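**Q** Sharing a structure here in structure tokens format.
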Amino acid sequence: MSAPSIFWLTLFFVVPTMLVVAISFHAAAPDGGIGKEWTLHTWRSISNPNYPAIIWRTLWISAATTVGCVILALPCAFAIARMDKKWRAFMAGLIMLPFWTSFVVRVFAWRLLLHPEGFVKHLLLAMRLTQPDTQLLYNSGAILLVSIYSFLPFAIMPIYAAAEKFDFSLLEAARDLGARSFLAFRKVFLPGIRRGVISAILMVFIPSVGSYVIPDLVGGKNSELIGNKIYQRTFPDRNLPHASALSALMAFAVLIPLALVAAALKRQDRKEALRLADGNPVKQRGGAA
Amino acid sequence: MKRNAFPLVMLLLVLIFLYLPIVVLTANSFNLSRFGGAWEGFTLKWYAQLLDDRQVWSAFANSLLIATGATLASCLLGTTAALALHRWNSRLQLFHYGLIYTPLVIPEILMGISLLLTFTAVGMDCGLHTILLAHTTFCVSYVTMTVLARLQDFDDSLLEAARDLGAGAWVSFIKVQFPILLPGIISGGLLAFTLSIDDFVITFFVAGPGSSTLPLKVYSMIKHSPKLPVINCLSTVMLALTFALVLASRAFQNLKQPKSLTKGALS
């Protein structure tokens, strides 16, 4: 019964992925095709001075997006988890609803807001926070803002899922013992929802690294990301080996953190299981264990 | 004990942040002003211009066709996948689960380019059929996960009871398990339909010349057309469509499994 889906996904997911890696070890043919010989030529040209800057920019914008999303998501998830059951489901739905809408439409909405004649510009001018000739669009800042907007639900949902299972009386205990709210939040709540935070980081970082629409629509010539380059190499330049090598690089950038986290969680699970088997669950190194 | 109001205030601000662009966009589709900086009066003339655009209608027809096809195919593949994952706990199913799960987490652009390369490698011209194959591929994972969630609440003793009463495997599936799973399958199918209608990146890579879908049409209008307010209208229509589909999907997901009835009948 598992045959149809395994067959389909092997054909349209596993084989294509391996093809990308294989093609990156060929050179581009002059006619836009793929050269016959196996070569490292394509991978060597990835160290061309242009690429490291773009890769570096992609990584820092993704990291900043991740930090921004998690910081905003923590208080939201906390607030939702403390609501009544009925409100919780409603709020979770409200947070997720924008995610299902068209990505292009949401990014376009920001293009409209940040437009020189748009809502945000008028608002900032009225509050005297900006100069009339400041350009809000087409720079790294715009990419960062729209990325945080787009991926925020991915950060809120896993943190909320973890916070929902958190025993909030622990927080009250911490406060009764004299901890201030923020200290209790940091020392008791954060370790308690650690796993939610880790999945939030992955859920935001991965699509940010792969982002194409956002830098294309609100970024400028000087804020290109790997996604833009993959597109340029595929269509205007018709250099498929180059596009493949960049895609393989992107795949590594997302799969390595994913594998590391999976391994770390597994090791921790085993440790916790051993501790419980010892019958000595109390022997812990504080909340940070 | 006094509760800190800070998280609640943040939640409120974040909700405004999430919905403000959508609200401004929708409002502007009815605004006489071209750039929407200020409200200059209510109008439906941009919608009239949208309805006159024949390319929009053809893109809409393509989107509906692909979404319907991808939904049907992914429901079939996703439901069988969920049943297999639920029933067996083998190494093969662990691999199977990995196959279903990975497309959910990798960036879309990777799936787009890898499928494009595959279609090119086997000499397939890109067009509606390649979009359909690509959409089916990413929809399978979503349908599987939704049906799997429904299966987790399924009482397996119902199937045993059906067998004890003499039903074969097929009859007990069709008469007992399928009707209970159906809301989950419909819910997953509606999500697949929504994702297919709204997908841009993967479609962008595997679409051939002349095979435009709604998101591709919006994108090319953003890039090339000076008629900003008409894009607002098309975007608003797409938002409304998605909201309706997601609400319908949630309604089906939340339909109660008929526990009281079956429990009563069996005991």
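Residues are named by chain letter and number: chains run A, B, ... in the order of the structure tokens, numbers start at 1 in each chain, and ligands are numbered from 1 in the order shown.
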Would you mind listing, as a ChimeraX atom specification, all residues of chain A that have at least one atom within 7 Å of chain B, where only C-alpha atoms are what counts?
**A** /A:1-2,4-6,9,12,16-17,20,75-76,78-79,100-102,104-105,109-110,117-119,122,149,206-207,210,247
**Q** When DSSP works through the backbone of this structure, what residues of region 18-151 of chain A end up as helix (DSSP H, G or I), shown as an NGL selection string?
**A** :A and (18-23 or 41-45 or 50-81 or 85-100 or 103-114 or 119-126 or 140-151)
**Q** With a distance cut-off of 7 Å and only C-alpha atoms, select the neighbouring residues of region 28-34 of chain A, excluding the residue or stretch itself and same-chain residues fewer than 2 positions from it, and output the selection as a PyMOL selection string.
**A** chain A and resi 26+36+238-241
**Q** Report as a PyMOL selection string all protein, DNA and RNA residues lying within 8 Å of Thr146 (chain B), evaluated on only C-alpha atoms, omitting residues in the same chain fewer than 2 positions from it.
**A** chain B and resi 142-144+148-150+184-185+187-188
**Q** Using C-alpha atoms, can you export the residues from the last selection as a compact mmCIF listing (two decimals), in the first residue's frame?
**A**
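This went into result-v9.txt:
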# COMPACT_ATOMS: atom_id res chain seq x y z
CA TYR B 142 0.44 17.77 3.16
CA VAL B 143 -2.40 15.32 2.46
CA THR B 144 -0.47 12.47 4.13
CA LEU B 148 -2.27 10.68 9.41
CA ALA B 149 -3.46 13.09 12.12
CA ARG B 150 -7.03 11.84 11.57
CA GLY B 184 -9.58 14.14 7.02
CA ILE B 185 -9.11 13.33 3.34
CA SER B 187 -9.53 18.56 4.69
CA GLY B 188 -6.15 17.48 3.29
**Q** I'd like to know which of A:Ala22, A:Ala251, A:Asn222, A:Leu171 is closest to Leu183 (chain A), using only C-alpha atoms.
**A**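 Closest residue, counting only C-alpha atoms: A:Leu171.
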**Q** Which neighbours of Pro215 (chain A) fall inside 9 Å, counting only C-alpha atoms, when residues of the same chain fewer than 2 positions from it are skipped, and could you give them as a VMD selection string?
**A** chain A and resid 138 to 140 142 to 143 211 to 213 217 to 220 223 to 225 227 to 228
**Q** With only C-alpha atoms as the atoms that count, which of B:Trp39, B:Trp46, B:Trp170, B:Trp57 lies nearest to Lys217 (chain B)?
**A** B:Trp57
**Q** Mind pulling up the distance from CA of Arg91 (chain B) to CA of Asp156 (chain B)?
**A** 22.1 Å
**Q** Between CA of Ala155 (chain A) and CA of Cys69 (chain A), what is the spacing in Å?
**A**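 For CA of Cys69 (chain A) relative to CA of Ala155 (chain A), the distance reads 6.1 Å.
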**Q** Select, from A:Ala161, A:Gln268, A:Ile214, A:Leu177, the residue with the minimum atom-to-atom distance to Arg106 (chain A), counting only C-alpha atoms.
**A**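 Among the listed residues, the smallest separation from Arg106 (chain A) belongs to A:Ile214.
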**Q** So which one's closest to Leu59 (chain A), A:Leu190, A:Leu114, A:Met250, A:Val107? Using only C-alpha atoms, please.
**A**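 Between A:Leu190, A:Leu114, A:Met250, A:Val107, the residue approaching Leu59 (chain A) most closely is A:Met250.
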